[in-house]
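Okay, structure_36.cif is below, mmCIF, C-alpha atoms:
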```cif
data_coords
loop_
_atom_site.label_atom_id
_atom_site.label_comp_id
_atom_site.auth_asym_id
_atom_site.auth_seq_id
_atom_site.Cartn_x
_atom_site.Cartn_y
_atom_site.Cartn_z
CA MET P 1 147.34 153.97 202.37
CA THR P 2 145.33 153.47 199.25
CA PRO P 3 143.59 150.17 198.77
CA HIS P 4 145.06 147.81 196.14
CA PRO P 5 142.90 147.85 193.05
CA GLY P 6 141.31 144.52 192.30
CA PRO P 7 141.38 142.73 188.96
CA PRO P 8 139.73 144.58 186.16
CA ALA P 9 136.13 143.70 185.61
CA PRO P 10 135.60 141.56 182.54
CA ASP P 11 134.17 143.26 179.51
CA PRO P 12 130.49 142.63 178.99
CA PRO P 13 129.82 139.96 176.34
CA PRO P 14 129.04 141.36 172.95
CA MET P 15 125.38 141.27 172.03
CA ALA P 16 124.44 138.77 169.42
CA ARG P 17 123.80 140.34 166.08
CA ARG P 18 120.40 139.86 164.70
CA ASN P 19 120.13 138.51 161.22
CA THR P 20 118.04 141.29 159.92
CA VAL P 21 117.87 142.80 156.52
CA SER P 22 117.53 146.50 156.13
CA PRO P 23 114.73 147.81 153.95
CA GLU P 24 117.26 149.17 151.48
CA GLN P 25 119.10 145.81 151.13
CA LYS P 26 117.44 143.02 149.17
CA PRO P 27 118.18 139.38 149.87
CA ILE P 28 120.55 137.81 147.43
CA GLY P 29 118.83 135.02 145.53
CA PRO P 30 120.19 132.43 143.16
CA ALA P 31 121.80 133.76 140.05
CA PRO P 32 119.62 133.66 136.94
CA PRO P 33 120.39 130.73 134.66
CA GLU P 34 122.76 131.55 131.89
CA ARG P 35 121.51 131.30 128.38
CA ASP P 36 122.71 128.32 126.45
CA THR P 37 125.06 129.58 123.81
CA PRO P 38 125.59 127.29 120.86
CA ARG P 39 129.00 125.83 120.62
CA PRO P 40 131.04 126.62 117.53
CA ASP P 41 130.90 123.04 116.29
CA THR P 42 127.10 122.90 116.79
CA ALA P 43 126.58 126.19 114.98
CA GLU P 44 128.76 125.03 112.15
CA HIS P 45 126.84 121.77 111.95
CA ASP P 46 123.51 123.62 111.79
CA HIS P 47 124.90 125.91 109.11
CA SER P 48 126.11 122.95 107.11
CA ARG P 49 122.67 121.37 107.35
CA ARG P 50 121.04 124.56 106.07
CA HIS P 51 123.52 124.90 103.22
CA THR P 52 122.12 122.20 100.97
CA THR P 53 122.77 121.29 97.38
CA HIS P 54 119.93 121.50 94.95
CA ARG P 55 119.05 118.58 92.75
CA PRO P 56 121.06 118.57 89.51
CA TRP P 57 119.23 119.29 86.28
CA SER P 58 119.53 117.16 83.19
CA ALA P 59 120.65 118.71 79.91
CA ARG P 60 117.84 116.87 78.04
CA ARG P 61 120.07 116.43 75.00
CA ILE P 62 118.13 113.53 73.41
CA PRO P 63 114.63 115.09 73.60
CA ALA P 64 116.01 118.43 72.43
CA ALA P 65 117.80 116.78 69.50
CA VAL P 66 114.68 114.82 68.47
CA VAL P 67 112.42 117.88 68.57
CA ALA P 68 114.97 120.03 66.76
CA ALA P 69 115.45 117.40 64.05
CA ALA P 70 111.69 117.05 63.49
CA ILE P 71 111.24 120.82 63.23
CA VAL P 72 114.19 121.17 60.84
CA VAL P 73 112.94 118.39 58.56
CA ALA P 74 109.36 119.71 58.42
CA ALA P 75 110.38 123.35 58.00
CA GLY P 76 113.06 122.49 55.44
CA ALA P 77 110.72 120.38 53.29
CA THR P 78 108.03 123.09 53.36
CA LEU P 79 110.51 125.83 52.54
CA ILE P 80 111.97 123.91 49.61
CA ASP P 81 108.51 123.27 48.17
CA VAL P 82 107.49 126.91 48.59
CA VAL P 83 110.65 128.07 46.83
CA ALA P 84 109.96 125.60 43.99
CA VAL P 85 106.42 126.94 43.59
CA ARG P 86 107.75 130.50 43.49
CA ALA P 87 110.20 129.43 40.82
CA GLY P 88 107.36 128.30 38.56
CA ARG P 89 107.09 124.60 39.41
CA GLN P 90 104.07 122.78 40.73
CA ALA P 91 103.59 122.07 44.42
CA ALA P 92 104.53 118.65 45.73
CA ASP P 93 101.85 115.99 45.93
CA TRP P 94 102.21 115.57 49.70
CA ARG P 95 101.57 119.27 50.27
CA LYS P 96 98.53 119.27 47.98
CA HIS P 97 97.12 116.21 49.74
CA LEU P 98 97.75 117.70 53.18
CA ALA P 99 96.12 121.00 52.20
CA ASP P 100 93.06 119.23 50.78
CA GLU P 101 92.66 117.05 53.87
CA LEU P 102 92.89 120.01 56.23
CA ALA P 103 90.37 121.98 54.13
CA THR P 104 87.78 119.23 53.66
CA ARG P 105 87.82 117.18 56.88
CA PRO P 106 85.53 118.37 59.70
CA VAL P 107 86.86 119.24 63.10
CA ASP P 108 85.18 116.26 64.80
CA ASP P 109 86.79 113.75 62.43
CA VAL P 110 88.61 110.81 64.02
CA TRP P 111 91.94 111.60 62.37
CA MET P 112 91.69 115.26 63.32
CA LEU P 113 91.00 114.38 66.95
CA THR P 114 93.81 111.83 66.93
CA GLY P 115 96.30 114.33 65.55
CA ALA P 116 95.23 116.95 68.08
CA ALA P 117 95.60 114.44 70.93
CA VAL P 118 99.08 113.46 69.76
CA ALA P 119 100.14 117.10 69.44
CA ALA P 120 98.78 117.86 72.92
CA ALA P 121 100.57 114.84 74.42
CA VAL P 122 103.86 115.87 72.84
CA GLY P 123 103.42 119.43 74.12
CA ILE P 124 102.67 118.25 77.67
CA TRP P 125 105.69 115.93 77.51
CA LEU P 126 107.97 118.80 76.45
CA ILE P 127 106.60 121.07 79.19
CA ALA P 128 107.16 118.35 81.79
CA LEU P 129 110.73 117.89 80.59
CA ALA P 130 111.34 121.62 80.77
CA LEU P 131 110.00 121.97 84.33
CA SER P 132 111.43 118.79 85.89
CA PRO P 133 115.13 118.45 86.75
CA GLY P 134 115.56 114.85 85.64
CA LEU P 135 118.56 112.73 86.68
CA ARG P 136 116.41 110.77 89.11
CA HIS P 137 119.18 108.19 89.50
CA TRP P 138 121.30 110.74 91.38
CA LEU P 139 120.79 111.92 94.96
CA SER P 140 121.92 115.40 95.99
CA LEU P 141 124.25 115.76 98.98
CA ARG P 142 124.64 118.45 101.62
CA SER P 143 127.49 120.86 101.01
CA PRO P 144 129.82 121.57 103.94
CA ALA P 145 130.01 125.03 105.42
CA GLY P 146 132.24 127.44 103.57
CA CYS P 147 131.75 125.89 100.14
CA PRO P 148 130.53 128.13 97.33
CA ALA P 149 126.86 127.89 96.44
CA ARG P 150 127.63 126.75 92.89
CA LEU P 151 129.43 123.66 94.17
CA ARG P 152 127.11 120.66 93.85
CA ALA P 153 127.64 117.06 94.84
CA SER P 154 125.52 114.02 94.03
CA LEU P 155 125.58 110.33 94.85
CA ASN P 156 124.46 107.55 92.57
CA ARG P 157 121.65 105.38 93.90
CA ASP P 158 123.54 102.20 93.14
CA GLY P 159 126.55 103.50 95.08
CA ALA P 160 124.36 104.39 98.07
CA ALA P 161 122.74 100.96 97.94
CA ALA P 162 126.15 99.28 97.86
CA LEU P 163 127.32 101.20 100.93
CA LEU P 164 124.16 100.34 102.85
CA ARG P 165 124.37 96.68 101.80
CA ASP P 166 127.96 96.42 103.01
CA ALA P 167 126.90 97.92 106.34
CA ALA P 168 124.02 95.44 106.60
CA MET P 169 126.33 92.49 105.97
CA ARG P 170 128.40 93.46 109.01
CA VAL P 171 125.46 92.84 111.34
CA PRO P 172 125.84 89.47 113.13
CA GLY P 173 123.25 86.99 111.94
CA VAL P 174 122.72 88.48 108.46
CA GLY P 175 123.53 85.97 105.74
CA ALA P 176 122.35 87.98 102.73
CA ALA P 177 121.06 91.50 102.24
CA HIS P 178 119.36 93.41 99.46
CA VAL P 179 119.01 97.20 99.58
CA ARG P 180 117.02 99.34 97.17
CA VAL P 181 117.39 103.12 97.34
CA ARG P 182 114.72 105.50 96.12
CA ARG P 183 114.35 109.25 96.55
CA HIS P 184 111.93 109.00 99.47
CA ARG P 185 112.42 105.49 100.77
CA ILE P 186 115.11 102.89 101.36
CA LYS P 187 114.02 99.26 101.36
CA ALA P 188 116.31 96.76 103.05
CA ARG P 189 115.70 93.02 103.14
CA ALA P 190 117.95 90.62 104.99
CA ASP P 191 118.11 86.85 105.46
CA VAL P 192 118.76 85.80 109.05
CA ARG P 193 120.94 82.70 109.41
CA PHE P 194 121.18 82.67 113.20
CA ARG P 195 120.13 84.76 116.22
CA ASP P 196 116.64 85.99 116.98
CA PRO P 197 115.15 87.79 113.95
CA LYS P 198 113.80 90.57 116.18
CA HIS P 199 117.24 91.32 117.57
CA VAL P 200 118.78 91.16 114.12
CA LYS P 201 116.15 93.57 112.78
CA ALA P 202 116.80 96.05 115.59
CA ASP P 203 120.58 95.91 115.05
CA LEU P 204 120.14 96.17 111.30
CA ALA P 205 117.90 99.23 111.61
CA ALA P 206 120.41 100.94 113.93
CA VAL P 207 123.35 100.23 111.60
CA LEU P 208 121.48 101.38 108.50
CA ASN P 209 120.30 104.55 110.23
CA GLU P 210 123.87 105.42 111.14
CA GLU P 211 125.11 104.67 107.64
CA ARG P 212 122.27 106.69 106.12
CA GLU P 213 123.24 109.73 108.20
CA GLN P 214 126.85 109.39 107.06
CA LEU P 215 125.75 109.61 103.43
CA ALA P 216 124.80 113.30 104.08
CA LEU P 217 121.82 113.29 101.75
CA THR P 218 119.88 116.51 101.32
CA HIS P 219 116.54 114.76 101.75
CA THR P 220 116.83 111.80 104.12
CA PRO P 221 114.79 108.87 102.78
CA ARG P 222 112.58 106.82 105.06
CA LEU P 223 114.06 103.47 106.05
CA VAL P 224 112.05 100.24 105.78
CA VAL P 225 113.73 97.09 107.14
CA ARG P 226 112.43 93.56 106.66
CA VAL P 227 114.03 90.31 107.77
CA ARG P 228 113.17 86.67 107.22
CA GLN P 229 114.47 83.53 108.82
CA ARG P 230 116.65 81.30 106.69
CA ASN P 231 117.82 77.94 107.98
CA ALA P 232 121.52 77.33 107.51
#
```
Could I get this structure in the form of structure tokens?
Amino acid sequence: MTPHPGPPAPDPPPMARRNTVSPEQKPIGPAPPERDTPRPDTAEHDHSRRHTTHRPWSARRIPAAVVAAAIVVAAGATLIDVVAVRAGRQAADWRKHLADELATRPVDDVWMLTGAAVAAAVGIWLIALALSPGLRHWLSLRSPAGCPARLRASLNRDGAAALLRDAAMRVPGVGAAHVRVRRHRIKARADVRFRDPKHVKADLAAVLNEEREQLALTHTPRLVVRVRQRNA
């Protein structure tokens, strides 16, 4: 007789795996931070801020007309007198007197210095008009993205002041407001009827800052806010 085999011996427990890293395998660290990519609306906003409108230039019609008229009158009178002299007539008295004065007066004479100063002042004035754009009562605006470069938009100072004044009147506690807009500064004065003037000034500055940004000016003027207490 063969002995009855006993129950099978249990399998030996598996050995615990060691948390080791092989030399060829590098530990996995945190992923590198992704670069911040500008959103389409942000990129478009930056592009719209870079695409600005230049200040409009004045046509200078009145100064040009005055200078042209003076030159035409002087040149025409001289040409007529020269033609008359060539035709056998005598020169006009005003041209004889002018020629004698220019030939006999010294350079350091008072009238000569005065005439030279006037001529220099007129020349400087014309150069300044030619190099400056003019139209200081208009403020240039930013052009939106996609608009052609030749498209220009401007806002009248009085219109900007009216918009800012209406915004100031919506602040609680403001009874009256006066806004003056310049190219580099905006002055706002308000009369406080109730509430603490400090709180009213802070609210007024916040409202005017928001309204100033909505105007979309090319060069943002500095804002100066002043308040004074007025008893009702």
Next item on the list: Report the residues retrieved by the PyMOL selection byres ((chain P and resi 195) around 12) from the displayed file, expressed as a PyMOL selection string.
Entry: chain P and resi 171-175+191-194+196-203+227-232
Margin query: I need the residue nearest Ala160 in chain P from this list: P:Val82, P:Val179, P:Ala120, P:Val73. Use all atoms listed in the file for the distance.
Written below: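 Under the stated criterion, the closest residue is P:Val179.
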Notebook entry, point to check: With distances taken over all atoms listed in the file, which of P:Asp158, P:Leu139, P:Ala87, P:Ala205 is nearest to Pro221 in chain P?
Noted result: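 Looking at the shortest contact to Pro221 in chain P, the residue is P:Leu139.
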Next item on the list: Rounded to one decimal place, report the CA of Arg185 in chain P-CA of Val224 in chain P distance in Å.
Entry: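 Spanning CA of Arg185 in chain P to CA of Val224 in chain P is a straight-line distance of 7.3 Å.
CA of Arg182 in chain P is positioned 17.5 Å from CA of Trp57 in chain P.
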Margin query: So the first atom is CA of Ile62 in chain P and the second is CA of Ala121 in chain P; what is the distance between them in Å, to one decimal place?
Written below: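 Answer for the CA of Ile62 in chain P to CA of Ala121 in chain P separation: 17.6 Å.
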Check: In terms of the shortest atom-to-atom distance over all atoms listed in the file, which of P:Arg61, P:Lys96, P:His184, P:Arg152 is closest to Thr78 in chain P?
Finding: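 Of all the options, P:Lys96 lies closest to Thr78 in chain P.
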Next item on the list: Kindly resolve the PyMOL selection byres ((chain P and resi 156) around 10) on the present coordinates and return the residues as a ChimeraX atom specification.
Entry: /P:135-140,154-155,157-162,181
